[in-house]
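Colleague: Okay, here's the structure, questions in a sec.
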Number of protein chains: 2
Amino acid sequence: MKDMTKKCVLIALLVFMATGVILAEDGYRLWLRYDKITDSGKLKQYREYLNGYWLTHNSPTMQAIRDELKMALPGLLGTQVPEVSSLSNGILIIGKPGHPELQSLNLTSQLRDAGSEGFVIASTTLNKKKVIVIAANEDAGLLYGVFHLLRLMQTHEDIKNVSVTSVPKIKYRILNHWDNLDRTVERGYAGFSIWDWHKLPDYIDPRYRDYARANASIGINGAVVTNVNANALVLTPAYLEKVAALANVFRPYGIRIYLTARFNAPMELDKYETADPLDPKVRKWWADKAEEIYRYIPDFGGFVVKANSEGQPGPQNYNRTHADGANMLAEALKPHGGIVMWRAFVYDDKVPDDRHKQAYNEFVPHDGELKDNVLIQVKNGAIDFQPREPFHPLFGAMPKTPLMMEFQITQEYLGFATHLVYLATLFKECLDADTYAKGPGSTVAKVIDGSLDGHTISGMAGVANIGTDRNWCGHPFGQANWYSFGRLAWNHELSAEEIAEEWIRLTFGNDETVITTVLPMMMASREITVNYMTPLGLHHLMGRNHHYGPGPWVDGGRPDWTSVYYHRADSMGIGFDRTTSGSNAVGQYFPTVAEKFNRLETCPEEYLLWFHHVSWDYKLKSGETLWNALVRKYYEGVDSVRWLQRTWNSVEGRIDPDRFNQVKMLLTIQEKEAVLWRNSCVLYFQTFSKRPIPEGLEKPEHSLEYYMKLSFPYAPGIRPRW
Amino acid sequence: MKDMTKKCVLIALLVFMATGVILAEDGYRLWLRYDKITDSGKLKQYREYLNGYWLTHNSPTMQAIRDELKMALPGLLGTQVPEVSSLSNGILIIGKPGHPELQSLNLTSQLRDAGSEGFVIASTTLNKKKVIVIAANEDAGLLYGVFHLLRLMQTHEDIKNVSVTSVPKIKYRILNHWDNLDRTVERGYAGFSIWDWHKLPDYIDPRYRDYARANASIGINGAVVTNVNANALVLTPAYLEKVAALANVFRPYGIRIYLTARFNAPMELDKYETADPLDPKVRKWWADKAEEIYRYIPDFGGFVVKANSEGQPGPQNYNRTHADGANMLAEALKPHGGIVMWRAFVYDDKVPDDRHKQAYNEFVPHDGELKDNVLIQVKNGAIDFQPREPFHPLFGAMPKTPLMMEFQITQEYLGFATHLVYLATLFKECLDADTYAKGPGSTVAKVIDGSLDGHTISGMAGVANIGTDRNWCGHPFGQANWYSFGRLAWNHELSAEEIAEEWIRLTFGNDETVITTVLPMMMASREITVNYMTPLGLHHLMGRNHHYGPGPWVDGGRPDWTSVYYHRADSMGIGFDRTTSGSNAVGQYFPTVAEKFNRLETCPEEYLLWFHHVSWDYKLKSGETLWNALVRKYYEGVDSVRWLQRTWNSVEGRIDPDRFNQVKMLLTIQEKEAVLWRNSCVLYFQTFSKRPIPEGLEKPEHSLEYYMKLSFPYAPGIRPRW
């Protein structure tokens with residue numbers, strides 16, 4: 001008997017070895033790793049409740065569900081789980097509420113408000129059989145339900161009495177890829193575009209499907225596959241055929257494809273003399289183009305448009321308004337069910353006013369003028385995805401128009417793909433901000449989910465951080481930002497902390513020590529970055545063009561592309577006066593907010609220099625002078641990165657060496673660059689303050705001149721000029 | 001007992017499932033897959049002969065060997081194989097001949113001519129213990145020996161009586177990466193550059209090591225990591241630090257790093273007024289620069305230079321010769337042991353002669369003038385890596401100078417990364433060609449390995465087809481070209497067929513049906529491509545700039561960059577007259593060859609239109625007219641691609657579905673593009689021949705105008721202009 005046991009163990013070992021594929025944790029699997037459940041109690045439970053699965057009907061999405069379960073269940077449970085076709089004890093049933101076997105559960109009422117994407121997961125008894133049911137009105141909901149259940153298992157949740165009803169709060173949950181047709185990615189730091197246009201439509205990279213799976217697993221239902229700085233060529237047949245091939249891959253995963261529309265496409269593609277949105281020929285061109293697109297892609301989502309901004313053509317070239325432009329495209333798409341996402345990110349150096357104010361000034365007058373399939377896409381803040389910005393004053397200011405959120409997942413201003421910065425705290429800070437548009441509680445989240453003003457369409461867009469890097473996002477922790485964007489777009493009431501914990505469990509496993517170590521790192525990380533880059537409300541201090549590293553000295557050329565325009569440091573103090581006595585950007589907020597920001601005493605210190613030009617000797621709440629506090633923030637930022645390093649080192653051995661070492665190397669870079677930011681900014685601002693670096697702080701290693709001379713000609717993410 | 005067995009099987013199954021990682025065959029593992037040996041007899045033998053391994057000394061390369069064995073042996077043998085530190089039965093011993101335990105074997109004499117890289121593998125008896133010994137004079141040889149043994153096992157060779165002595169025939173076996181600092185790759189079709197310069201030196205992508213492993217496994221010992229169209233910035237400290245980090249990864253794998261030297265770097269980097277190679281200040285600049293580089297990289301390999309070619313600066317800008325330029329750099333590198341690889345790929349549209357002749361004319365006069373650490377790097381043919389070219393007339397014509405071969409592994413002119421083209425047959429055709437330089441048998445191979453003229457240094461360079469694609473080369477079969485380049489650089493006497501079979505076994509496994517099916521596909525593939533692109537000696541018919549697809553009509557602009565310059569089709573016939581009555585390029589070959597090429601009757605038909613302008617009605621050996629034969633070749637090419645498709649389809653189920661489907665999709669593209677080539681060329685040449693497409697051949701789907709209007713603005717591989 002003993003011998004037999006030995007043999008048995010040996011065989012097991014040999015079989016283990018037989019599979020001995022050399023598998024590095026290269027991060028490709030994202031949060032869908034499906035490694036075996038390590039908690040034996042939970043494993044037992046899951047095996048008991050999932051000894052088979054029954055898909056009660058067939059469709060491409062049901063096939064996607066089948067594929068996912070075939071991949072996930074053997075991985076998670078360490079055993080084959082058969083597909084069955086009738087009711088039995090301990091199975092998972094996936095179907096619509098009207099299915100004969102499910103009718104007794106009265107799911108129809110539970111799913112009344114679930115729309116096409118919501119779902120119910122319930123542990124229940126059917127014909128005396130214990131089963132878990134996933135039900136939804138449409139297949140997309142079933143897919144989301146399946147991913148939800150898989151997540152519960154991956155995070156070791158109890159499923160014995162599972163009872164979940166989940167409905168997305170936002171209708172359009174969309175990734176924006178700033179990807180060019182040459183595969184460069186504007187502000188992309190994870191390699192190049194995953195869309196291999198040259199090989200499409202005939203070569204379908206397996207990655208396209210894995211991309212769709214990842215998105216579906218977190219509820220993302222749309223992808224804008226081209227850059228907002230748009231190329232009209234994507235609207236030609238040769239490219240539409242390629243786009244259609246991608247759409248075919250995405251469709252079973254509930255993901256619609258969108259394109260960016262270059263406003264003067266009729267001129268560039270068909271030699272029209274004008275792109276005037278009120279010109280009937282131009283309008284017909286777009287109507288025909290829409291019809292053509294829908295021939296290729298019957299469920300095409302619509303257009304995103306960046307118009308009259310940073311050199312992009314737009315309706316203003318013809319003395320028309322943004323509303324004229326958006327409505328023309330909306331009309332073209334309307335018969336086919338498409339939408340227009342018209343970006344509010346507009347500013348012009350010819351407009352002699354605070355850039356902060358321009359979007360509001362241009363868009364608010366058109367509230368109510370837009371067709372019902374237009375959303376205005378507004379960045380979270382009024383400048384440009386800075387480490388910290390107050391929420392955009394447009395939120396709440398256009399009650400008759402659905403405003404959608406544009407977050408930036410790619411870390412253009414937050415350390416590219418080499419800094420560990422968990423962005424859900426940034427997203428939440430904005431979503432939870434109170435606009436006071438309809439009194440207290442009028443949060444930005446309620447503006448964009450449509451509940452505040454009763455809109456039926458709503459949207460949230462995230463500028464993707466996805467590229468050809470094997471781990472998709474460059475930084476292993478960059479995946480958390482993609483993940484949390486999706487989770488928040490589905491449910492903005494989740495906390496940043498909940499999402500982080502989920503992500504850690506999915507990504508690094510359920511080791512409690514890892515969770516309690518990594519969670520505080522993530523939660524602190526964004527504030528750390530604010531500290532070593534742009535503390536106390538400073539903003540737009542980065543290097544010119546590539547936006548890499550510090551450039552507080554950037555001056556000359558277009559003023560609103562310089563740093564000095566924003567920090568306004570002088571011998572007296574520092575900061576941009578946006579109060580009523582300054583540019584009066586505060587005036588664009590509702591009174592409660594405006595007053596708070598306007599008064600030096602009540603303005604939150606994290607926005608201090610955003611709204612006020614403050615004397616170097618001004619005393620902060622801590623009692624410190626502004627200068628000392630500013631310097632100390634920069635030093636705190638660097639010290640905290642060192643804390644990140646030490647903390648990370650403590651999980652060595654508890655996670656796989658591959659990702660452990662990757663993050664370790666990246667933290668080394670982050671520390672170097674944090675020091676670079678700190679030294680550059682402190683030395684530069686010191687030339688104005690003429691005050692010493694407080695006692696006890698390490699001296700900058702080099703002179704200001706040294707830092708100013710550093711050059712990074714091939715920093716990634718700039719669009720090459722072909 | 002029965003129950004126990006059942007349990008046992010169950011446990012084995014569960015353990016198997018436990019490892020249930022979702023592993024797609026994504027091609028990342030290349031030919032180093034180390035999956036378990038499927039032949040049970042061989043498995044038994046290997047386990048018997050490799051029940052342990054002993055590394056008899058330590059070093060970074062020995063550590064690399066240890067890492068490889070730790071990865072490979074459990075995978076191949078399905079069992080753990082311990083490292084041991086003394087002699088015992090059935091172990092593998094790896095060491096130098098002088099090691100006390102190995103002295104009795106008298107390996108020193110066997111290794112007398114093995115140099116620093118050759119090795120011996122022998123099954124033998126030591127102190128009455130049966131062992132396998134891998135011995136070499138230096139660690140690099142041991143590493144190559146280990147990879148050789150692993151290959152024997154992966155290909156199911158008997159190792160019971162293994163006895164191998166292997167010494168590379170070529171000293172410098174080098175990949176040339178045409179990679180730019182912005183990560184674009186000139187003529188790269190597998191994504192972008194694997195060198196992530198922005199994150200270097202602190203972030204070491206795990207891929208760098210896997211790249212080094214792959215190269216070492218096939219004997220490649222050098223990598224030029226920057227484009228021959230060079231950027232001087234790589235010679236600055238900020239970049240040298242990054243290059244040094246790569247060199248540190250490569251070093252244990254016997255791989256030296258090389259850079260491309262921009263000839264006017266003293267001007268671009270340090271504002272010198274000249275880069276005249278005879279100017280003492282310039283010479284000092286390069287000497288200092290070399291010294292600086294060696295401070296960063298003590299084993300730096302040297303420079304590759306493209307000078308006075310296609311706009312690159314060079315010595316001729318100062319009325320100096322290539323020899324002057326090369327010797328200046330050679331002098332700078334000499335004290336440190338570096339070499340100069342000076343490219344012979346020079347031509348100038350201002351020179352009113354056949355481009356074919358220019359390299360010969362410029363270089364032959366300098367034979368004997370070059371320093372002893374200079375190699376002249378010559379492309380296999382005189383034009384530019386065409387699907388078929390006769391060998392370059394420089395081979396054999398500079399007996400006092402070591403000429404090294406430059407092959408192109410990336411398929412610039414052979415269908416990018418979407419056509420299945422096995423290049424070893426092309427490489428071999430050139431290597432085996434007889435120059436008659438010293439009478440019959442003076443093959444190109446003997447010129448470049450130094451044996452013909454008694455050179456002590458020799459080299460072979462391959463322009464890499466490696467990029468960020470998960471499978472490295474874009475096309476799964478592209479890996480075979482990287483593989484065969486390395487194998488031929490080590491031993492050019494291997495046949496293309498032997499190498500193909502090795503590669504199939506390593507890549508797709510040892511299923512005989514797969515081998516006998518895929519091998520003929522590979523062996524035929526290059527000729528197939530010649531047929532649908534440039535049959536009968538035609539050349540340079542591709543699209544302008546991007547070189548994608550057919551462009552026989554390309555005309556205008558610089559003549560030697562057009563197609564009409566090369567095919568010279570007119571109402572009489574087609575082809576470039578390079579005979580004694582034409583440009584007399586034939587005169588650059590040795591008489592036996594020159595005469596053969598010069599006479600229409602003796603000129604091999606595959607070079608017919610390369611050397612002759614031939615009448616449309618000329619009768620080929622088959623009796624067909626030239627026109628009919630030409631058309632038929634184009635049709636044969638397409639038909640053969642369809643044969644490739646059918647043949648590939650027959651291995652479905654015998655290899656993994658991932659790679660099966662990838663290749664299937666790529667063959668669909670290849671078929672489409674072969675038709676595009678055929679129709680474009682036949683219709684275009686028909687406008688001159690005015691003769692019909694022979695009976696029974698399918699009619700082109702579109703008109704010539706249709707094909708001429710197709711445009712591919714984002715075809716990959718062009719260097720963007722930043």
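Chain labels A, B, ... are given in the sequence in which chains occur in the structure tokens; within each chain residues are numbered consecutively from 1, and ligands are likewise numbered from 1 in the order shown.
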Give the strand (DSSP E) residues of range 253-333 of chain B, as assigned by DSSP on the backbone, as a PyMOL selection string.

Modeller: chain B and resi 256-260+302-305

Colleague: Please list as a list in words every residue within 8 Å of Glu412 in chain B, counting only C-alpha atoms and excluding residues in the same chain fewer than 4 positions away.

Modeller: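 My list of contacting residues is Arg187, Gly188, Phe385, Gln408, Phe416 and His547 of chain B.
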
Colleague: Tell me which protein, DNA and RNA residues are within 9 Å of Gly118 in chain A, counting only C-alpha atoms, leaving out same-chain ones fewer than 3 positions away, and put them as a list in words.

Modeller: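 My list of contacting residues is Leu111, Asp113, Ala114, Gly115, Ala135, Ala136, Asn137, Glu138, Ala140, Gly141, Leu142, Tyr144, Gly145, Thr165, Ser166, Val167 and Pro168 of chain A.
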
Colleague: Could you name the residues that touch range 691-694 of chain B at 7 Å or less, counting only C-alpha atoms, but leaving out those on the same chain fewer than 4 positions away, as a list in words?

Modeller: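 The residues that qualify are Asn628, Val631 and Gln686 of chain B.
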
Colleague: Mind pulling up the distance from CA of Lys289 in chain A to CA of Lys379 in chain A?

Modeller: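 Interatomic distance here is 28.4 Å.
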
Colleague: Could you give me, as a VMD selection string, the residues within 8 Å of Phe147 in chain B, counting only C-alpha atoms and dropping anything in the same chain fewer than 6 positions from it?

Modeller: chain B and resid 216 to 218

Colleague: Using only C-alpha atoms, please write the residues we just selected to a file, as a PDB file, in the first residue's frame.

Modeller:
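Final file, selection_30.pdb:
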```pdb
ATOM      1  CA  ALA B 216      23.378  31.223 -28.726  1.00  0.00           C
ATOM      2  CA  SER B 217      21.437  28.067 -29.485  1.00  0.00           C
ATOM      3  CA  ILE B 218      22.233  28.463 -33.186  1.00  0.00           C
TER       4      ILE B 218
END
```

Colleague: Within 8 Å of Ile383 in chain B, counting only C-alpha atoms, which residues qualify if same-chain residues fewer than 4 places away don't, as a PyMOL selection string?

Modeller: chain B and resi 355-356+389

Colleague: Can you tell me, as a VMD selection string, which residues in range 67-250 of chain A count as alpha helix (DSSP H) by DSSP?

Modeller: chain A and resid 67 to 77 107 to 110 139 to 154 206 to 217 237 to 250
